[in-house]
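Remarks on the structure that follows.
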Amino acid sequence: MPTEPDTGYDPELGRKFIFVTGGVMSGLGKGITAASTGRLLSNAGFDVTAVKIDPYLNVDAGTMNPYQHGEVYVLKDGGEVDLDLGNYERFLGTDMTSDHNVTTGKTYKHVIEKERAGDYLGKTVQIIPHITDDIKRRIREAADGTDVCIVEVGGTVGDIEGMPYLEALRQFAHEEEEGDVLFTHVTLVPYSKNGEQKTKPTQHSVKELRSIGLQPDVLVGRCPDPLEPHTKEKIALFCDVPTDAVFSNPDVEDIYHVPLVVEEEGLDEYVMERLNLASEALPTAERDSRWRELVTRDRHGSVDIALVGKYDLEDAYMSVHEALKHAGIERQVDVNVRWVNSDQMQDEHASRLRDADGVVVPGGFGSRGTKGKIEAIRYARENDVPFLGLCLGFQMAVVEYARHVLGLEGAHSAEIDEETPHPVIDLLPEQYDLDDLGGTMRLGAHTTEILSDTLAHDVYDAGTCTERHRHRYEVNPEYIDDLEAGDLTFSGRAGNRMEIVEMESHPYFLGTQFHPEFRSRPDRASPPFVGLIDAILERAEVERGVEA
Ligand code: GLN
């Protein structure tokens, strides 16, 4: 039976939608602006969720290079998604699912599969209405059960790939009731040589939006400083919005301060007003103020962490960096991250490593930089420097120990050296016969059993932990007895999979096969990261005692 167009529209639901587009150029931080608005609405008592639209043809971000696009964020359900979803989870404090990342790959795949199944029998399958209907259905389903859904369209207005989405949003707004949909457009307001804030790029991008039938309700100007009153007036005049619908988003030293800046400008109040939510919002004095307290907490001192990776793009390690910041908030210290390039361990990067108080070796794929990672781990192990290894960092810690403590020459991960005589890290058994590489790793939340009387047990203060995974290789069961004969213990396991490793004679040497950074939140720091900071502070305490 041919199906009726399914756009998910239900007039009874009465939800509110904030659509966020970007103009002039990408990388303006519209995700952070959107997430900050969401945080404030949630402080005011609303249940807020978000959808990120990525107009690329990849079905998900799992096959994309993090050194070009930033990290692949992993959700509880195993979805491999754009890093903006990580920001939404951290700012909104919610767990999302793969359905909250809409991609062209997903949408077209679904529509084409339906076509093959005969669902559109007799019809010509087209971008309008079939693709646009599917986009609208996905947004409505992701919003189901919440009060406000923020939908961010990746890329910039005018991109060819983004067109079907903007058309879908236009139809969407047309179908919803007046006052249920708000369009926010984030653009760049650059300075001219003589220090003037220039509005032309904003005018052009709004013109582009209007040519496809979209009139923004709110404009946010990214500029190093707040927009001056006459800049706002000019934007309002040329873009046909009231002056109080124009907001600034100036540079801040920490992204967690953006909600405070946005609140100061009154963006949240304006949005609530326009969406007829103001009367339902909690009175200002009763709003949730935890965010403000967390991000403005006093700090007593600071610690330096060496993050050892392949540095083509710092965004490749975004969640690790954020998790370190969260642990800093928890322990009220500033965490300075020193980027140590594992490709260049001979030069100044080696001294950056030596000057750090702790070492983190994050996840990764492929052989480049592994030599430097192994050297960094050896340095941390031999010098009692607090160490945390994540996924590939955990695997390289096992390799380092096998080579330099057990004397297993040439020991390696089979991923990196297929010919290794000692594959201490080997392919997961279920991976042997796989043909497809997209979405086929061991992914998402799995529970680890933690042995009692271990560092891991202390750190988690629990007998289990449920953390997110993304790997194809694991500790080879044939080497477990040898590895554990000395100082090393696999203190976390899931069946016969080794999930956590630690070293008894070391003050803090912890490796996890999973990625604890993906569950870390500003108000719920991840235990292995807090443990690392604690070990550093303890060590400093001891050293101070010795000196005195
Ligand atoms: N490349 C390793 C694996 O597939 C580690 C993965 C990671 O660090 N996310 O197992």
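Labeling convention for the structure tokens: chains A, B, ... as they appear, residues from 1 per chain, ligands from 1 in order of appearance.
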Next item on the list: Any chance you could list, as a PyMOL selection string, the residues in range 322-396 of chain A that come up helix (DSSP H, G or I) when DSSP is run on the backbone?
Entry: chain A and resi 322-331+348-354+370-382+392-396
Set out as JSON lines a contact list for chain A and ligand 1 with a cut-off of 10 Å, giving each residue of chain A that qualifies its closest atom pair and distance in Å to one decimal, counting only C-alpha atoms and all ligand atoms, ordered by chain and rising residue number.
```
{"residue": "A:Val72", "atom": "CA", "partner": "ligand 1", "partner_atom_place_in_ligand_line": "9 (N)", "distance": 9.3}
{"residue": "A:Val74", "atom": "CA", "partner": "ligand 1", "partner_atom_place_in_ligand_line": "9 (N)", "distance": 9.8}
{"residue": "A:Val361", "atom": "CA", "partner": "ligand 1", "partner_atom_place_in_ligand_line": "8 (O)", "distance": 9.5}
{"residue": "A:Pro362", "atom": "CA", "partner": "ligand 1", "partner_atom_place_in_ligand_line": "8 (O)", "distance": 6.8}
{"residue": "A:Gly363", "atom": "CA", "partner": "ligand 1", "partner_atom_place_in_ligand_line": "8 (O)", "distance": 3.1}
{"residue": "A:Gly364", "atom": "CA", "partner": "ligand 1", "partner_atom_place_in_ligand_line": "8 (O)", "distance": 4.0}
{"residue": "A:Phe365", "atom": "CA", "partner": "ligand 1", "partner_atom_place_in_ligand_line": "1 (N)", "distance": 3.9}
{"residue": "A:Gly366", "atom": "CA", "partner": "ligand 1", "partner_atom_place_in_ligand_line": "1 (N)", "distance": 6.3}
{"residue": "A:Ser367", "atom": "CA", "partner": "ligand 1", "partner_atom_place_in_ligand_line": "1 (N)", "distance": 9.0}
{"residue": "A:Gly389", "atom": "CA", "partner": "ligand 1", "partner_atom_place_in_ligand_line": "8 (O)", "distance": 9.5}
{"residue": "A:Leu390", "atom": "CA", "partner": "ligand 1", "partner_atom_place_in_ligand_line": "8 (O)", "distance": 6.7}
{"residue": "A:Cys391", "atom": "CA", "partner": "ligand 1", "partner_atom_place_in_ligand_line": "8 (O)", "distance": 4.1}
{"residue": "A:Leu392", "atom": "CA", "partner": "ligand 1", "partner_atom_place_in_ligand_line": "8 (O)", "distance": 3.8}
{"residue": "A:Gly393", "atom": "CA", "partner": "ligand 1", "partner_atom_place_in_ligand_line": "8 (O)", "distance": 6.9}
{"residue": "A:Phe394", "atom": "CA", "partner": "ligand 1", "partner_atom_place_in_ligand_line": "8 (O)", "distance": 8.3}
{"residue": "A:Gln395", "atom": "CA", "partner": "ligand 1", "partner_atom_place_in_ligand_line": "5 (C)", "distance": 7.3}
{"residue": "A:Met396", "atom": "CA", "partner": "ligand 1", "partner_atom_place_in_ligand_line": "5 (C)", "distance": 9.3}
{"residue": "A:Ser413", "atom": "CA", "partner": "ligand 1", "partner_atom_place_in_ligand_line": "2 (C)", "distance": 8.6}
{"residue": "A:Ala414", "atom": "CA", "partner": "ligand 1", "partner_atom_place_in_ligand_line": "10 (O)", "distance": 9.7}
{"residue": "A:Glu415", "atom": "CA", "partner": "ligand 1", "partner_atom_place_in_ligand_line": "1 (N)", "distance": 6.8}
{"residue": "A:Ile416", "atom": "CA", "partner": "ligand 1", "partner_atom_place_in_ligand_line": "1 (N)", "distance": 8.5}
{"residue": "A:Ile425", "atom": "CA", "partner": "ligand 1", "partner_atom_place_in_ligand_line": "10 (O)", "distance": 8.3}
{"residue": "A:Asp426", "atom": "CA", "partner": "ligand 1", "partner_atom_place_in_ligand_line": "10 (O)", "distance": 8.3}
{"residue": "A:Leu427", "atom": "CA", "partner": "ligand 1", "partner_atom_place_in_ligand_line": "10 (O)", "distance": 7.5}
{"residue": "A:Leu428", "atom": "CA", "partner": "ligand 1", "partner_atom_place_in_ligand_line": "10 (O)", "distance": 8.3}
{"residue": "A:Met441", "atom": "CA", "partner": "ligand 1", "partner_atom_place_in_ligand_line": "4 (O)", "distance": 7.4}
{"residue": "A:Arg442", "atom": "CA", "partner": "ligand 1", "partner_atom_place_in_ligand_line": "10 (O)", "distance": 8.6}
{"residue": "A:Leu443", "atom": "CA", "partner": "ligand 1", "partner_atom_place_in_ligand_line": "9 (N)", "distance": 9.6}
{"residue": "A:His469", "atom": "CA", "partner": "ligand 1", "partner_atom_place_in_ligand_line": "9 (N)", "distance": 7.4}
{"residue": "A:Arg470", "atom": "CA", "partner": "ligand 1", "partner_atom_place_in_ligand_line": "9 (N)", "distance": 4.9}
{"residue": "A:His471", "atom": "CA", "partner": "ligand 1", "partner_atom_place_in_ligand_line": "10 (O)", "distance": 3.7}
{"residue": "A:Arg472", "atom": "CA", "partner": "ligand 1", "partner_atom_place_in_ligand_line": "4 (O)", "distance": 3.8}
{"residue": "A:Tyr473", "atom": "CA", "partner": "ligand 1", "partner_atom_place_in_ligand_line": "10 (O)", "distance": 3.6}
{"residue": "A:Glu474", "atom": "CA", "partner": "ligand 1", "partner_atom_place_in_ligand_line": "10 (O)", "distance": 6.0}
{"residue": "A:Val475", "atom": "CA", "partner": "ligand 1", "partner_atom_place_in_ligand_line": "10 (O)", "distance": 9.3}
{"residue": "A:Thr512", "atom": "CA", "partner": "ligand 1", "partner_atom_place_in_ligand_line": "8 (O)", "distance": 9.9}
{"residue": "A:Gln513", "atom": "CA", "partner": "ligand 1", "partner_atom_place_in_ligand_line": "8 (O)", "distance": 7.9}
{"residue": "A:Phe514", "atom": "CA", "partner": "ligand 1", "partner_atom_place_in_ligand_line": "9 (N)", "distance": 7.9}
{"residue": "A:His515", "atom": "CA", "partner": "ligand 1", "partner_atom_place_in_ligand_line": "9 (N)", "distance": 7.5}
```
Excluding range 335-350 of chain A and its own-chain neighbours fewer than 2 positions away, which residues fall within 7 Å of it when counting only C-alpha atoms? Please give them as a PDB file with all heavy atoms, in the first residue's frame.
```pdb
ATOM      1  N   SER A 302      46.426  25.638  39.897  1.00  0.00           N
ATOM      2  CA  SER A 302      46.214  25.082  38.559  1.00  0.00           C
ATOM      3  C   SER A 302      47.110  23.866  38.357  1.00  0.00           C
ATOM      4  O   SER A 302      48.114  23.694  39.060  1.00  0.00           O
ATOM      5  CB  SER A 302      46.533  26.141  37.500  1.00  0.00           C
ATOM      6  OG  SER A 302      47.904  26.453  37.552  1.00  0.00           O
ATOM      7  N   VAL A 303      46.711  23.033  37.411  1.00  0.00           N
ATOM      8  CA  VAL A 303      47.545  21.885  37.049  1.00  0.00           C
ATOM      9  C   VAL A 303      47.769  21.900  35.539  1.00  0.00           C
ATOM     10  O   VAL A 303      46.930  22.399  34.788  1.00  0.00           O
ATOM     11  CB  VAL A 303      46.903  20.539  37.478  1.00  0.00           C
ATOM     12  CG1 VAL A 303      46.664  20.489  38.974  1.00  0.00           C
ATOM     13  CG2 VAL A 303      45.588  20.288  36.739  1.00  0.00           C
ATOM     14  N   ASP A 304      48.908  21.349  35.117  1.00  0.00           N
ATOM     15  CA  ASP A 304      49.247  21.280  33.686  1.00  0.00           C
ATOM     16  C   ASP A 304      49.155  19.836  33.214  1.00  0.00           C
ATOM     17  O   ASP A 304      49.815  18.960  33.787  1.00  0.00           O
ATOM     18  CB  ASP A 304      50.685  21.771  33.453  1.00  0.00           C
ATOM     19  CG  ASP A 304      50.793  23.266  33.673  1.00  0.00           C
ATOM     20  OD1 ASP A 304      49.756  23.958  33.593  1.00  0.00           O
ATOM     21  OD2 ASP A 304      51.924  23.737  33.940  1.00  0.00           O
ATOM     22  N   ILE A 305      48.359  19.623  32.196  1.00  0.00           N
ATOM     23  CA  ILE A 305      48.208  18.262  31.664  1.00  0.00           C
ATOM     24  C   ILE A 305      48.768  18.217  30.250  1.00  0.00           C
ATOM     25  O   ILE A 305      48.412  19.042  29.405  1.00  0.00           O
ATOM     26  CB  ILE A 305      46.720  17.850  31.596  1.00  0.00           C
ATOM     27  CG1 ILE A 305      46.015  18.005  32.948  1.00  0.00           C
ATOM     28  CG2 ILE A 305      46.577  16.442  31.027  1.00  0.00           C
ATOM     29  CD1 ILE A 305      46.304  16.936  33.950  1.00  0.00           C
ATOM     30  N   ALA A 306      49.608  17.212  30.002  1.00  0.00           N
ATOM     31  CA  ALA A 306      50.085  16.996  28.630  1.00  0.00           C
ATOM     32  C   ALA A 306      49.092  16.081  27.928  1.00  0.00           C
ATOM     33  O   ALA A 306      48.842  14.968  28.383  1.00  0.00           O
ATOM     34  CB  ALA A 306      51.468  16.362  28.654  1.00  0.00           C
ATOM     35  N   LEU A 307      48.498  16.568  26.852  1.00  0.00           N
ATOM     36  CA  LEU A 307      47.583  15.753  26.059  1.00  0.00           C
ATOM     37  C   LEU A 307      48.343  15.359  24.801  1.00  0.00           C
ATOM     38  O   LEU A 307      48.670  16.197  23.966  1.00  0.00           O
ATOM     39  CB  LEU A 307      46.333  16.579  25.746  1.00  0.00           C
ATOM     40  CG  LEU A 307      45.150  15.924  25.053  1.00  0.00           C
ATOM     41  CD1 LEU A 307      44.761  14.614  25.709  1.00  0.00           C
ATOM     42  CD2 LEU A 307      43.944  16.863  25.073  1.00  0.00           C
ATOM     43  N   VAL A 308      48.654  14.068  24.720  1.00  0.00           N
ATOM     44  CA  VAL A 308      49.589  13.607  23.691  1.00  0.00           C
ATOM     45  C   VAL A 308      48.817  13.068  22.491  1.00  0.00           C
ATOM     46  O   VAL A 308      48.215  11.998  22.560  1.00  0.00           O
ATOM     47  CB  VAL A 308      50.501  12.495  24.259  1.00  0.00           C
ATOM     48  CG1 VAL A 308      51.566  12.105  23.231  1.00  0.00           C
ATOM     49  CG2 VAL A 308      51.149  12.948  25.563  1.00  0.00           C
ATOM     50  N   GLY A 309      48.797  13.817  21.395  1.00  0.00           N
ATOM     51  CA  GLY A 309      48.030  13.356  20.239  1.00  0.00           C
ATOM     52  C   GLY A 309      48.635  13.821  18.936  1.00  0.00           C
ATOM     53  O   GLY A 309      49.730  14.379  18.906  1.00  0.00           O
ATOM     54  N   LYS A 310      47.867  13.598  17.883  1.00  0.00           N
ATOM     55  CA  LYS A 310      48.301  14.063  16.562  1.00  0.00           C
ATOM     56  C   LYS A 310      47.601  15.389  16.350  1.00  0.00           C
ATOM     57  O   LYS A 310      46.393  15.427  16.210  1.00  0.00           O
ATOM     58  CB  LYS A 310      47.836  13.076  15.485  1.00  0.00           C
ATOM     59  CG  LYS A 310      48.230  11.640  15.743  1.00  0.00           C
ATOM     60  CD  LYS A 310      47.945  10.758  14.543  1.00  0.00           C
ATOM     61  CE  LYS A 310      46.617  10.044  14.632  1.00  0.00           C
ATOM     62  NZ  LYS A 310      46.458   8.954  13.651  1.00  0.00           N
ATOM     63  N   TYR A 311      48.360  16.459  16.411  1.00  0.00           N
ATOM     64  CA  TYR A 311      47.680  17.738  16.417  1.00  0.00           C
ATOM     65  C   TYR A 311      47.524  18.439  15.109  1.00  0.00           C
ATOM     66  O   TYR A 311      48.176  19.414  14.856  1.00  0.00           O
ATOM     67  CB  TYR A 311      48.336  18.695  17.416  1.00  0.00           C
ATOM     68  CG  TYR A 311      47.827  18.273  18.701  1.00  0.00           C
ATOM     69  CD1 TYR A 311      48.596  17.554  19.566  1.00  0.00           C
ATOM     70  CD2 TYR A 311      46.477  18.428  18.956  1.00  0.00           C
ATOM     71  CE1 TYR A 311      48.052  17.040  20.691  1.00  0.00           C
ATOM     72  CE2 TYR A 311      45.934  17.907  20.081  1.00  0.00           C
ATOM     73  CZ  TYR A 311      46.727  17.212  20.938  1.00  0.00           C
ATOM     74  OH  TYR A 311      46.173  16.691  22.040  1.00  0.00           O
ATOM     75  N   LEU A 324      38.546  17.236  31.064  1.00  0.00           N
ATOM     76  CA  LEU A 324      39.600  17.745  31.961  1.00  0.00           C
ATOM     77  C   LEU A 324      39.109  19.023  32.648  1.00  0.00           C
ATOM     78  O   LEU A 324      39.336  19.224  33.851  1.00  0.00           O
ATOM     79  CB  LEU A 324      40.885  18.020  31.169  1.00  0.00           C
ATOM     80  CG  LEU A 324      41.678  16.767  30.762  1.00  0.00           C
ATOM     81  CD1 LEU A 324      42.737  17.111  29.717  1.00  0.00           C
ATOM     82  CD2 LEU A 324      42.338  16.124  31.991  1.00  0.00           C
ATOM     83  N   LYS A 325      38.421  19.868  31.874  1.00  0.00           N
ATOM     84  CA  LYS A 325      37.885  21.098  32.471  1.00  0.00           C
ATOM     85  C   LYS A 325      36.856  20.770  33.565  1.00  0.00           C
ATOM     86  O   LYS A 325      36.832  21.408  34.620  1.00  0.00           O
ATOM     87  CB  LYS A 325      37.232  21.972  31.389  1.00  0.00           C
ATOM     88  CG  LYS A 325      38.231  22.796  30.591  1.00  0.00           C
ATOM     89  CD  LYS A 325      37.653  23.356  29.314  1.00  0.00           C
ATOM     90  CE  LYS A 325      36.458  24.276  29.510  1.00  0.00           C
ATOM     91  NZ  LYS A 325      35.911  24.735  28.204  1.00  0.00           N
ATOM     92  N   GLY A 328      38.459  19.830  36.628  1.00  0.00           N
ATOM     93  CA  GLY A 328      38.991  21.047  37.239  1.00  0.00           C
ATOM     94  C   GLY A 328      37.908  21.786  38.011  1.00  0.00           C
ATOM     95  O   GLY A 328      38.138  22.263  39.127  1.00  0.00           O
ATOM     96  N   VAL A 333      40.278  23.667  40.525  1.00  0.00           N
ATOM     97  CA  VAL A 333      41.594  24.095  40.026  1.00  0.00           C
ATOM     98  C   VAL A 333      41.463  24.380  38.529  1.00  0.00           C
ATOM     99  O   VAL A 333      40.604  23.823  37.853  1.00  0.00           O
ATOM    100  CB  VAL A 333      42.696  23.019  40.222  1.00  0.00           C
ATOM    101  CG1 VAL A 333      43.036  22.839  41.680  1.00  0.00           C
ATOM    102  CG2 VAL A 333      42.306  21.682  39.592  1.00  0.00           C
ATOM    103  N   ARG A 352      57.696  19.852  26.755  1.00  0.00           N
ATOM    104  CA  ARG A 352      56.336  20.149  27.225  1.00  0.00           C
ATOM    105  C   ARG A 352      55.808  18.985  28.052  1.00  0.00           C
ATOM    106  O   ARG A 352      55.113  19.165  29.033  1.00  0.00           O
ATOM    107  CB  ARG A 352      55.407  20.314  26.023  1.00  0.00           C
ATOM    108  CG  ARG A 352      55.274  21.744  25.614  1.00  0.00           C
ATOM    109  CD  ARG A 352      54.097  21.908  24.718  1.00  0.00           C
ATOM    110  NE  ARG A 352      54.495  22.727  23.593  1.00  0.00           N
ATOM    111  CZ  ARG A 352      53.750  22.987  22.537  1.00  0.00           C
ATOM    112  NH1 ARG A 352      52.560  22.462  22.444  1.00  0.00           N
ATOM    113  NH2 ARG A 352      54.191  23.754  21.591  1.00  0.00           N
ATOM    114  N   LEU A 353      56.147  17.781  27.608  1.00  0.00           N
ATOM    115  CA  LEU A 353      55.715  16.580  28.325  1.00  0.00           C
ATOM    116  C   LEU A 353      56.365  16.548  29.700  1.00  0.00           C
ATOM    117  O   LEU A 353      55.702  16.323  30.709  1.00  0.00           O
ATOM    118  CB  LEU A 353      56.114  15.344  27.504  1.00  0.00           C
ATOM    119  CG  LEU A 353      55.811  13.981  28.122  1.00  0.00           C
ATOM    120  CD1 LEU A 353      54.314  13.733  28.132  1.00  0.00           C
ATOM    121  CD2 LEU A 353      56.504  12.870  27.323  1.00  0.00           C
ATOM    122  N   ARG A 354      57.661  16.824  29.744  1.00  0.00           N
ATOM    123  CA  ARG A 354      58.382  16.750  31.021  1.00  0.00           C
ATOM    124  C   ARG A 354      57.931  17.817  32.005  1.00  0.00           C
ATOM    125  O   ARG A 354      57.988  17.607  33.215  1.00  0.00           O
ATOM    126  CB  ARG A 354      59.891  16.851  30.781  1.00  0.00           C
ATOM    127  CG  ARG A 354      60.508  15.535  30.357  1.00  0.00           C
ATOM    128  CD  ARG A 354      62.014  15.580  30.453  1.00  0.00           C
ATOM    129  NE  ARG A 354      62.565  16.660  29.637  1.00  0.00           N
ATOM    130  CZ  ARG A 354      62.844  16.533  28.337  1.00  0.00           C
ATOM    131  NH1 ARG A 354      62.630  15.386  27.717  1.00  0.00           N
ATOM    132  NH2 ARG A 354      63.340  17.538  27.657  1.00  0.00           N
ATOM    133  N   GLY A 369      52.033   8.568  14.844  1.00  0.00           N
ATOM    134  CA  GLY A 369      52.083   9.120  16.194  1.00  0.00           C
ATOM    135  C   GLY A 369      52.116   8.092  17.315  1.00  0.00           C
ATOM    136  O   GLY A 369      52.277   8.454  18.474  1.00  0.00           O
ATOM    137  N   GLY A 372      55.438   8.013  19.457  1.00  0.00           N
ATOM    138  CA  GLY A 372      55.523   9.089  20.446  1.00  0.00           C
ATOM    139  C   GLY A 372      54.597   8.834  21.630  1.00  0.00           C
ATOM    140  O   GLY A 372      54.935   9.161  22.774  1.00  0.00           O
ATOM    141  N   LYS A 373      53.438   8.235  21.380  1.00  0.00           N
ATOM    142  CA  LYS A 373      52.510   7.938  22.476  1.00  0.00           C
ATOM    143  C   LYS A 373      53.125   6.908  23.417  1.00  0.00           C
ATOM    144  O   LYS A 373      53.031   7.028  24.638  1.00  0.00           O
ATOM    145  CB  LYS A 373      51.176   7.426  21.922  1.00  0.00           C
ATOM    146  CG  LYS A 373      50.369   8.528  21.256  1.00  0.00           C
ATOM    147  CD  LYS A 373      49.054   8.040  20.692  1.00  0.00           C
ATOM    148  CE  LYS A 373      48.376   9.199  19.954  1.00  0.00           C
ATOM    149  NZ  LYS A 373      47.182   8.810  19.231  1.00  0.00           N
TER     150      LYS A 373
END
```
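Take CA of Val241 in chain A and CA of Gly23 in chain A: the distance between them is 16.3 Å.
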Item checked: Shell of 8 Å around Asn101 in chain A, only C-alpha atoms, local chain residues under 2 positions omitted, as a PyMOL selection string -> chain A and resi 51-54+81-82+85+97-99+103
Output of the above residues as a PDB file, in the first residue's frame, restricted to all heavy atoms:
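Ended up saving to part_28.pdb:
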```
ATOM      1  N   VAL A  51      18.505  19.106  17.800  1.00  0.00           N
ATOM      2  CA  VAL A  51      18.773  18.284  16.617  1.00  0.00           C
ATOM      3  C   VAL A  51      19.870  18.987  15.839  1.00  0.00           C
ATOM      4  O   VAL A  51      19.811  20.196  15.636  1.00  0.00           O
ATOM      5  CB  VAL A  51      17.511  18.159  15.725  1.00  0.00           C
ATOM      6  CG1 VAL A  51      17.856  17.514  14.385  1.00  0.00           C
ATOM      7  CG2 VAL A  51      16.424  17.376  16.428  1.00  0.00           C
ATOM      8  N   LYS A  52      20.888  18.238  15.426  1.00  0.00           N
ATOM      9  CA  LYS A  52      21.915  18.824  14.562  1.00  0.00           C
ATOM     10  C   LYS A  52      21.732  18.249  13.164  1.00  0.00           C
ATOM     11  O   LYS A  52      21.691  17.029  13.000  1.00  0.00           O
ATOM     12  CB  LYS A  52      23.315  18.495  15.109  1.00  0.00           C
ATOM     13  CG  LYS A  52      24.464  18.902  14.183  1.00  0.00           C
ATOM     14  CD  LYS A  52      24.712  20.395  14.196  1.00  0.00           C
ATOM     15  CE  LYS A  52      25.556  20.909  13.019  1.00  0.00           C
ATOM     16  NZ  LYS A  52      26.914  20.392  12.957  1.00  0.00           N
ATOM     17  N   ILE A  53      21.618  19.124  12.204  1.00  0.00           N
ATOM     18  CA  ILE A  53      21.506  18.695  10.816  1.00  0.00           C
ATOM     19  C   ILE A  53      22.871  18.838  10.165  1.00  0.00           C
ATOM     20  O   ILE A  53      23.483  19.910  10.219  1.00  0.00           O
ATOM     21  CB  ILE A  53      20.472  19.564  10.062  1.00  0.00           C
ATOM     22  CG1 ILE A  53      19.057  19.231  10.572  1.00  0.00           C
ATOM     23  CG2 ILE A  53      20.586  19.362   8.556  1.00  0.00           C
ATOM     24  CD1 ILE A  53      17.969  20.110   9.988  1.00  0.00           C
ATOM     25  N   ASP A  54      23.370  17.749   9.604  1.00  0.00           N
ATOM     26  CA  ASP A  54      24.633  17.813   8.865  1.00  0.00           C
ATOM     27  C   ASP A  54      24.367  17.474   7.412  1.00  0.00           C
ATOM     28  O   ASP A  54      24.079  16.326   7.085  1.00  0.00           O
ATOM     29  CB  ASP A  54      25.655  16.854   9.483  1.00  0.00           C
ATOM     30  CG  ASP A  54      26.259  17.426  10.748  1.00  0.00           C
ATOM     31  OD1 ASP A  54      26.749  18.568  10.693  1.00  0.00           O
ATOM     32  OD2 ASP A  54      26.211  16.758  11.792  1.00  0.00           O
ATOM     33  N   VAL A  81      28.485  10.609  15.967  1.00  0.00           N
ATOM     34  CA  VAL A  81      27.867  11.849  15.487  1.00  0.00           C
ATOM     35  C   VAL A  81      28.820  13.039  15.523  1.00  0.00           C
ATOM     36  O   VAL A  81      29.914  12.974  16.081  1.00  0.00           O
ATOM     37  CB  VAL A  81      26.593  12.170  16.315  1.00  0.00           C
ATOM     38  CG1 VAL A  81      25.534  11.093  16.109  1.00  0.00           C
ATOM     39  CG2 VAL A  81      26.916  12.320  17.798  1.00  0.00           C
ATOM     40  N   ASP A  82      28.324  14.124  14.965  1.00  0.00           N
ATOM     41  CA  ASP A  82      29.051  15.380  14.930  1.00  0.00           C
ATOM     42  C   ASP A  82      29.340  15.884  16.349  1.00  0.00           C
ATOM     43  O   ASP A  82      28.523  15.710  17.263  1.00  0.00           O
ATOM     44  CB  ASP A  82      28.145  16.386  14.214  1.00  0.00           C
ATOM     45  CG  ASP A  82      28.854  17.688  13.990  1.00  0.00           C
ATOM     46  OD1 ASP A  82      29.589  17.784  13.005  1.00  0.00           O
ATOM     47  OD2 ASP A  82      28.676  18.608  14.818  1.00  0.00           O
ATOM     48  N   LEU A  85      26.851  17.633  18.882  1.00  0.00           N
ATOM     49  CA  LEU A  85      25.959  16.896  19.779  1.00  0.00           C
ATOM     50  C   LEU A  85      26.584  16.774  21.169  1.00  0.00           C
ATOM     51  O   LEU A  85      25.891  16.780  22.176  1.00  0.00           O
ATOM     52  CB  LEU A  85      25.680  15.488  19.230  1.00  0.00           C
ATOM     53  CG  LEU A  85      24.510  15.227  18.272  1.00  0.00           C
ATOM     54  CD1 LEU A  85      23.234  15.013  19.007  1.00  0.00           C
ATOM     55  CD2 LEU A  85      24.369  16.288  17.231  1.00  0.00           C
ATOM     56  N   THR A  97      20.145  10.631  21.259  1.00  0.00           N
ATOM     57  CA  THR A  97      20.288   9.403  20.468  1.00  0.00           C
ATOM     58  C   THR A  97      20.678   9.789  19.052  1.00  0.00           C
ATOM     59  O   THR A  97      20.635  10.962  18.674  1.00  0.00           O
ATOM     60  CB  THR A  97      18.961   8.627  20.402  1.00  0.00           C
ATOM     61  OG1 THR A  97      18.001   9.474  19.753  1.00  0.00           O
ATOM     62  CG2 THR A  97      18.449   8.272  21.781  1.00  0.00           C
ATOM     63  N   SER A  98      21.032   8.774  18.265  1.00  0.00           N
ATOM     64  CA  SER A  98      21.452   9.020  16.874  1.00  0.00           C
ATOM     65  C   SER A  98      20.388   9.783  16.096  1.00  0.00           C
ATOM     66  O   SER A  98      20.711  10.461  15.123  1.00  0.00           O
ATOM     67  CB  SER A  98      21.688   7.720  16.120  1.00  0.00           C
ATOM     68  OG  SER A  98      22.228   6.766  16.942  1.00  0.00           O
ATOM     69  N   ASP A  99      19.137   9.649  16.514  1.00  0.00           N
ATOM     70  CA  ASP A  99      18.060  10.346  15.800  1.00  0.00           C
ATOM     71  C   ASP A  99      18.186  11.862  15.918  1.00  0.00           C
ATOM     72  O   ASP A  99      17.494  12.595  15.208  1.00  0.00           O
ATOM     73  CB  ASP A  99      16.692   9.934  16.350  1.00  0.00           C
ATOM     74  CG  ASP A  99      16.430   8.467  16.116  1.00  0.00           C
ATOM     75  OD1 ASP A  99      17.058   7.907  15.197  1.00  0.00           O
ATOM     76  OD2 ASP A  99      15.618   7.883  16.857  1.00  0.00           O
ATOM     77  N   THR A 103      21.379  13.515   8.903  1.00  0.00           N
ATOM     78  CA  THR A 103      22.348  13.747   7.824  1.00  0.00           C
ATOM     79  C   THR A 103      21.666  13.480   6.481  1.00  0.00           C
ATOM     80  O   THR A 103      20.649  12.793   6.416  1.00  0.00           O
ATOM     81  CB  THR A 103      23.558  12.794   7.924  1.00  0.00           C
ATOM     82  OG1 THR A 103      23.077  11.461   7.701  1.00  0.00           O
ATOM     83  CG2 THR A 103      24.233  12.866   9.279  1.00  0.00           C
TER      84      THR A 103
END
```
Next item on the list: Record the distance separating CA of Ala327 in chain A and CA of Leu92 in chain A, expressed in Å with one decimal.
Entry: 18.1 Å
Margin query: Would you pick out the contacts of Asp461 in chain A at 10 Å or less, using only C-alpha atoms, so that residues sharing its chain but fewer than 5 positions from it are not included, and give the list as a list in words?
Written below: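 The contact residues come out as Ile450, Ser452, Leu455, Ala456 and Pro527 of chain A.
Using only C-alpha atoms, the nearest neighbour of Glu504 in chain A within the list A:Gly358, A:Gly486, A:Gly545, A:Gly93 is A:Gly486.
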Checklist line | Near-Glu449 in chain A list (10 Å; only C-alpha atoms; drop same-chain fewer than 2 positions) as an MDAnalysis selection string | finding: chainID A and resid 447 451:452 457 462:466 491:495 498:500
